[in-house]
Each structure stands twice: as C-alpha cells, then as structure tokens.
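Read the structure below first, then the notes.
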Amino acid sequence: MRGRARSVCGSERRPLSSRSRELSTLSLFDWRRRERSAPYEAVEHTDDERWMDRALELAREAATRGEVPVGAIVVREGVVVGEGMNLRESAQDPTAHAELIAVRAAAARLRSWRLDDCEVFVTLEPCTMCAGMLVAARVRRVVYGALDPKAGGTESLFNIGSDPRLNHRFEIVSGVRADACSAVLHDFFAEIRRRRKGR
C-alpha cells in the first residue's frame with residue numbers, strides 16, 4: 001500500500017547485506033569520506049516499499065550500535081546516491097541524524113547542494129532540523145514510515161515542507177512500511193527499559 005495510509009503491513013526482516021554490516025563499523029567522518037567515492041548499485045524495484053526496506057536495514061544497523069534506529073536513503077533516477085543512519089551517540093554530534101548524513105552523502109556524490117531531482121526515504125518523520133535541511137536541499141519528495149508525535153516537523157507538529165510561505169516545498173508521503181518502522185523503534189526502547197529494570 002502506498003501514500004499516506006497509516007495501516008501498512010510490516011516488512012519481513014531480511015539478513016543484512018555485507019554493505020550494511022560494513023557501513024555500521026564506520027565513524028561519522030569515515031562514513032562521509034566513503035560516501036564521496038563508494039559506488040551504488042541500481043535496484044530493480046523502485047516502489048516506495050522497496051526503498052523503505054533499504055532504509056529499514058540501516059535503521060536496524062543503527063540499533064546494533066546503540067543508536068536510536070532511524071535510517072535514510074536518497075534516490076535519484078532509480079539509484080541510491082546517499083545513505084545514512086542515526087549516529088548521534090557514536091559521533092557525539094547533535095546533528096548526526098540519518099537524513100542529514102544521507103543528504104550530505106548525496107550532495108557530495110552529485111557535487112551539488114541542489115537535490116531537486118532526488119527523493120528521500122526515511123523510517124521516521126523528519127524533525128524540524130532535518131525538515132528544514134530538506135527544504136534547503138530542494139529535494140523533490142520525502143517518504144517516511146512512522147509518525148513522530150513529539151518531534152515530527154513535516155506533519156505531526158509543524159508543516160515544514162508544505163508551508164506555502166516557504167521558498168521551496170516538497171511532496172510528502174507518509175505511512176510507508178509504518179508498522180515495521182514503528183516496530184524497530186518500539187523494540188529498541190523496550191530493550192533499553194528491560195536492561196534498566198534488570199540493574
């Protein structure tokens with residue numbers, strides 16, 4: 001199911017690719033250097049659910065690093081040109097959100113800050129910082145999975161990206177793989193609570 005549907009079946013968990021395992025061992029700065037030169041393969045399936053599955057793989061990798069599990073990819077003409085996972089704890093950088101890392105990688109690879117022919121897929125609704133960055137990057141379309149009622153900047157709390165007062169607006173599609181995106185976050189925080197109770 002596509003579009004803004006809130007009831008979306010979760011995706012089947014698949015083994016992580018060797019590329020995802022390799023990316024998870026990189027620091028934020030190593031990640032940025034690698035993204036400038038690393039080749040990306042075209043993926044046959046270009047529907048929103050398939051792209052979100054890629055973002056979910058990155059989110060699950062983030063969880064293994066002790067990061068809040070959020071993953072993001074940037075797609076241009078059917079090819080992934082940037083990837084990112086939340087690295088805020090690893091880098092001790094408050095700006096190291098998945099979308100920001102993925103967009104920086106895409107801009108470096110394409111050698112342009114204007115990403116007006118790109119789509120961004122992210123597992124959690126962008127926060128106000130990331131939503132503003134996506135406006136600044138002139139992205140064409142943003143697709144996300146789970147709503148963020150406490151920090152969401154595109155629909156839940158604010159309408160960054162669709163506000164007619166802005167100098168750029170992008171298409172917003174929500175609820176893609178919503179169940180799976182929510183589950184990875186729920187499982188992560190449930191495990192944290194379980195560990196705290198066990199102390």
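Order determines the names: the first chain of the structure tokens is A, the second B, and so forth; residues in each chain are numbered 1 upward, and ligands are numbered 1 upward as they are shown.
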
Find the residues around segment 114-116 of chain A up to 6 Å (only C-alpha atoms counted), leave out those fewer than 4 positions away in its own chain, and share them as a list in words.
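Selected residues are Ala137, Arg138, Val139 and Arg140 of chain A.
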
Residues of segment 25-164 of chain A classed as strand (DSSP E) by DSSP on the backbone are to be reported as a ChimeraX atom specification.
/A:71-76,79-85,118-124,141-146

Distance criterion (only C-alpha atoms): nearest to Glu61 of chain A out of A:Val184, A:Ala96, A:Ile172, A:Ala136
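Checking each candidate against Glu61 of chain A, we get A:Val184 as the closest.
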
Residue among A:Val135, A:Ala146, A:Val120, A:Cys181 lying closest to Arg165 of chain A, counting only C-alpha atoms:
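Nearest candidate to Arg165 of chain A out of A:Val135, A:Ala146, A:Val120, A:Cys181: A:Val135.
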
Which residue of A:Ala183, A:Val143, A:Leu100, A:Ala131 approaches Arg50 of chain A most closely, using only C-alpha atoms
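Selected residue with least distance to Arg50 of chain A: A:Val143.
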
May I have the residues within 10 Å of Glu155 of chain A as an NGL selection string, using only C-alpha atoms and disregarding those fewer than 6 positions away in the same chain?
:A and (125-127 or 147-149 or 161-162 or 172 or 174)

Saved selection, atoms kept: C-alpha atoms, as a JSON list (two decimals), in the first residue's frame:
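Saved result, selection_26.json, follows:
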```
[["chain", "number", "residue", "atom", "x", "y", "z"],
["A", 125, "GLU", "CA", 9.14, 11.53, 10.26],
["A", 126, "PRO", "CA", 11.87, 14.18, 9.93],
["A", 127, "CYS", "CA", 12.39, 16.51, 12.88],
["A", 147, "LEU", "CA", 4.94, 9.43, 12.63],
["A", 148, "ASP", "CA", 6.86, 11.27, 15.35],
["A", 149, "PRO", "CA", 4.20, 12.94, 17.51],
["A", 161, "GLY", "CA", 7.96, 21.16, 3.53],
["A", 162, "SER", "CA", 4.37, 22.05, 2.66],
["A", 172, "ILE", "CA", 5.30, 14.36, 1.45],
["A", 174, "SER", "CA", 3.75, 9.16, 4.98]]
```

Between atom CA of Lys197 of chain A and atom CA of Pro94 of chain A, what is the distance, to one decimal in Å?
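Between atom CA of Lys197 of chain A and atom CA of Pro94 of chain A the gap works out to 27.4 Å.
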
Give me the residues within 9 Å of Glu83 of chain A as a PyMOL selection string, counting only C-alpha atoms and dropping any in the same chain fewer than 2 places off.
chain A and resi 35+55+58+71-74+80-81+85+98-99+101-103+105-106

Keeping only all heavy atoms, write those residues as an mmCIF file, in the first residue's frame.
```cif
data_model
loop_
_atom_site.group_PDB
_atom_site.id
_atom_site.type_symbol
_atom_site.label_atom_id
_atom_site.label_comp_id
_atom_site.auth_asym_id
_atom_site.auth_seq_id
_atom_site.Cartn_x
_atom_site.Cartn_y
_atom_site.Cartn_z
ATOM 1 N N GLU A 35 31.339 7.880 1.422
ATOM 2 C CA GLU A 35 30.184 8.158 0.576
ATOM 3 C C GLU A 35 30.553 8.980 -0.657
ATOM 4 O O GLU A 35 29.858 8.957 -1.656
ATOM 5 C CB GLU A 35 29.112 8.909 1.373
ATOM 6 C CG GLU A 35 28.455 8.072 2.460
ATOM 7 C CD GLU A 35 27.779 6.840 1.910
ATOM 8 O OE1 GLU A 35 27.009 6.957 0.950
ATOM 9 O OE2 GLU A 35 28.039 5.755 2.434
ATOM 10 N N ALA A 55 16.037 1.574 3.804
ATOM 11 C CA ALA A 55 16.179 2.465 4.953
ATOM 12 C C ALA A 55 16.018 1.695 6.266
ATOM 13 O O ALA A 55 16.721 1.965 7.257
ATOM 14 C CB ALA A 55 15.165 3.598 4.865
ATOM 15 N N LEU A 58 19.194 -0.011 7.370
ATOM 16 C CA LEU A 58 20.106 0.924 8.028
ATOM 17 C C LEU A 58 19.649 1.238 9.445
ATOM 18 O O LEU A 58 20.466 1.366 10.361
ATOM 19 C CB LEU A 58 20.214 2.204 7.199
ATOM 20 C CG LEU A 58 20.911 2.037 5.844
ATOM 21 C CD1 LEU A 58 20.656 3.258 4.963
ATOM 22 C CD2 LEU A 58 22.404 1.814 6.022
ATOM 23 N N GLY A 71 16.890 5.142 9.770
ATOM 24 C CA GLY A 71 17.705 5.017 8.565
ATOM 25 C C GLY A 71 17.117 5.841 7.439
ATOM 26 O O GLY A 71 15.906 6.088 7.408
ATOM 27 N N ALA A 72 17.974 6.282 6.531
ATOM 28 C CA ALA A 72 17.513 7.121 5.419
ATOM 29 C C ALA A 72 18.353 6.858 4.180
ATOM 30 O O ALA A 72 19.540 6.516 4.274
ATOM 31 C CB ALA A 72 17.598 8.601 5.783
ATOM 32 N N ILE A 73 17.720 7.006 3.021
ATOM 33 C CA ILE A 73 18.441 6.926 1.754
ATOM 34 C C ILE A 73 17.954 8.044 0.845
ATOM 35 O O ILE A 73 16.850 8.557 0.995
ATOM 36 C CB ILE A 73 18.261 5.567 1.045
ATOM 37 C CG1 ILE A 73 16.794 5.342 0.662
ATOM 38 C CG2 ILE A 73 18.783 4.427 1.893
ATOM 39 C CD1 ILE A 73 16.586 4.107 -0.217
ATOM 40 N N VAL A 74 18.811 8.430 -0.088
ATOM 41 C CA VAL A 74 18.458 9.397 -1.124
ATOM 42 C C VAL A 74 18.506 8.668 -2.459
ATOM 43 O O VAL A 74 19.493 7.975 -2.758
ATOM 44 C CB VAL A 74 19.422 10.600 -1.139
ATOM 45 C CG1 VAL A 74 19.018 11.600 -2.221
ATOM 46 C CG2 VAL A 74 19.443 11.282 0.223
ATOM 47 N N VAL A 80 20.347 4.625 -5.641
ATOM 48 C CA VAL A 80 20.654 5.185 -4.333
ATOM 49 C C VAL A 80 21.951 5.986 -4.438
ATOM 50 O O VAL A 80 22.986 5.453 -4.817
ATOM 51 C CB VAL A 80 20.804 4.076 -3.273
ATOM 52 C CG1 VAL A 80 21.205 4.675 -1.923
ATOM 53 C CG2 VAL A 80 19.509 3.293 -3.126
ATOM 54 N N VAL A 81 21.885 7.267 -4.103
ATOM 55 C CA VAL A 81 23.067 8.125 -4.185
ATOM 56 C C VAL A 81 23.536 8.599 -2.813
ATOM 57 O O VAL A 81 24.556 9.300 -2.716
ATOM 58 C CB VAL A 81 22.808 9.346 -5.097
ATOM 59 C CG1 VAL A 81 22.630 8.909 -6.536
ATOM 60 C CG2 VAL A 81 21.606 10.156 -4.617
ATOM 61 N N MET A 85 22.462 6.535 8.621
ATOM 62 C CA MET A 85 21.782 6.025 9.808
ATOM 63 C C MET A 85 22.065 7.003 10.940
ATOM 64 O O MET A 85 23.028 7.780 10.892
ATOM 65 C CB MET A 85 22.265 4.623 10.181
ATOM 66 C CG MET A 85 23.719 4.549 10.620
ATOM 67 S SD MET A 85 24.199 2.907 11.225
ATOM 68 C CE MET A 85 24.268 1.981 9.697
ATOM 69 N N ALA A 98 19.950 10.625 10.528
ATOM 70 C CA ALA A 98 20.057 9.794 9.328
ATOM 71 C C ALA A 98 19.854 10.588 8.043
ATOM 72 O O ALA A 98 20.607 10.447 7.077
ATOM 73 C CB ALA A 98 19.045 8.649 9.406
ATOM 74 N N GLU A 99 18.811 11.438 8.028
ATOM 75 C CA GLU A 99 18.521 12.204 6.809
ATOM 76 C C GLU A 99 19.659 13.147 6.454
ATOM 77 O O GLU A 99 20.043 13.278 5.293
ATOM 78 C CB GLU A 99 17.238 13.026 6.969
ATOM 79 C CG GLU A 99 16.023 12.257 7.421
ATOM 80 C CD GLU A 99 15.833 12.343 8.921
ATOM 81 O OE1 GLU A 99 16.744 11.933 9.677
ATOM 82 O OE2 GLU A 99 14.774 12.823 9.354
ATOM 83 N N ILE A 101 22.857 12.922 7.221
ATOM 84 C CA ILE A 101 24.019 12.186 6.736
ATOM 85 C C ILE A 101 23.789 11.713 5.305
ATOM 86 O O ILE A 101 24.670 11.810 4.445
ATOM 87 C CB ILE A 101 24.330 11.001 7.671
ATOM 88 C CG1 ILE A 101 24.769 11.525 9.046
ATOM 89 C CG2 ILE A 101 25.396 10.096 7.072
ATOM 90 C CD1 ILE A 101 24.890 10.453 10.103
ATOM 91 N N ALA A 102 22.579 11.195 5.022
ATOM 92 C CA ALA A 102 22.275 10.709 3.675
ATOM 93 C C ALA A 102 22.303 11.837 2.655
ATOM 94 O O ALA A 102 22.819 11.683 1.540
ATOM 95 C CB ALA A 102 20.910 10.019 3.671
ATOM 96 N N VAL A 103 21.752 12.995 3.013
ATOM 97 C CA VAL A 103 21.719 14.124 2.087
ATOM 98 C C VAL A 103 23.120 14.678 1.855
ATOM 99 O O VAL A 103 23.484 15.039 0.734
ATOM 100 C CB VAL A 103 20.755 15.212 2.603
ATOM 101 C CG1 VAL A 103 20.959 16.530 1.861
ATOM 102 C CG2 VAL A 103 19.319 14.736 2.432
ATOM 103 N N ALA A 105 25.834 12.967 1.944
ATOM 104 C CA ALA A 105 26.493 11.996 1.068
ATOM 105 C C ALA A 105 26.043 12.178 -0.381
ATOM 106 O O ALA A 105 26.858 12.127 -1.306
ATOM 107 C CB ALA A 105 26.187 10.576 1.542
ATOM 108 N N ALA A 106 24.744 12.384 -0.578
ATOM 109 C CA ALA A 106 24.218 12.563 -1.933
ATOM 110 C C ALA A 106 24.769 13.836 -2.570
ATOM 111 O O ALA A 106 25.159 13.843 -3.742
ATOM 112 C CB ALA A 106 22.697 12.604 -1.898
#
```

Within 12 Å of Gly66 of chain A using only C-alpha atoms, minus same-chain residues under 5 positions, as a PDB file with C-alpha atoms, in the first residue's frame:
```
ATOM      1  CA  SER A  24      27.877   0.115  10.569  1.00  0.00           C
ATOM      2  CA  ALA A  59      17.814   1.616  10.977  1.00  0.00           C
ATOM      3  CA  ARG A  60      18.358  -1.907  12.286  1.00  0.00           C
ATOM      4  CA  GLU A  61      22.115  -1.449  11.908  1.00  0.00           C
ATOM      5  CA  MET A  85      21.782   6.025   9.808  1.00  0.00           C
ATOM      6  CA  ASN A  86      21.433   7.852  13.089  1.00  0.00           C
ATOM      7  CA  LEU A  87      24.947   8.336  14.530  1.00  0.00           C
ATOM      8  CA  ARG A  88      24.289  10.937  17.199  1.00  0.00           C
ATOM      9  CA  GLU A  89      25.650   8.844  20.077  1.00  0.00           C
ATOM     10  CA  SER A  90      28.614   7.407  18.172  1.00  0.00           C
ATOM     11  CA  ALA A  91      29.727  10.799  16.877  1.00  0.00           C
ATOM     12  CA  LEU A 185      11.755   1.840  17.394  1.00  0.00           C
ATOM     13  CA  PHE A 188      14.778  -0.661  20.711  1.00  0.00           C
ATOM     14  CA  PHE A 189      13.263   1.339  23.560  1.00  0.00           C
ATOM     15  CA  GLU A 191      15.099  -3.359  25.295  1.00  0.00           C
ATOM     16  CA  ILE A 192      16.524  -0.252  26.959  1.00  0.00           C
TER      17      ILE A 192
END
```

Once DSSP has gone over the backbone, tell me which residues of segment 56-95 of chain A are in helix (DSSP H, G or I), as a VMD selection string.
chain A and resid 56 to 64 88 to 91
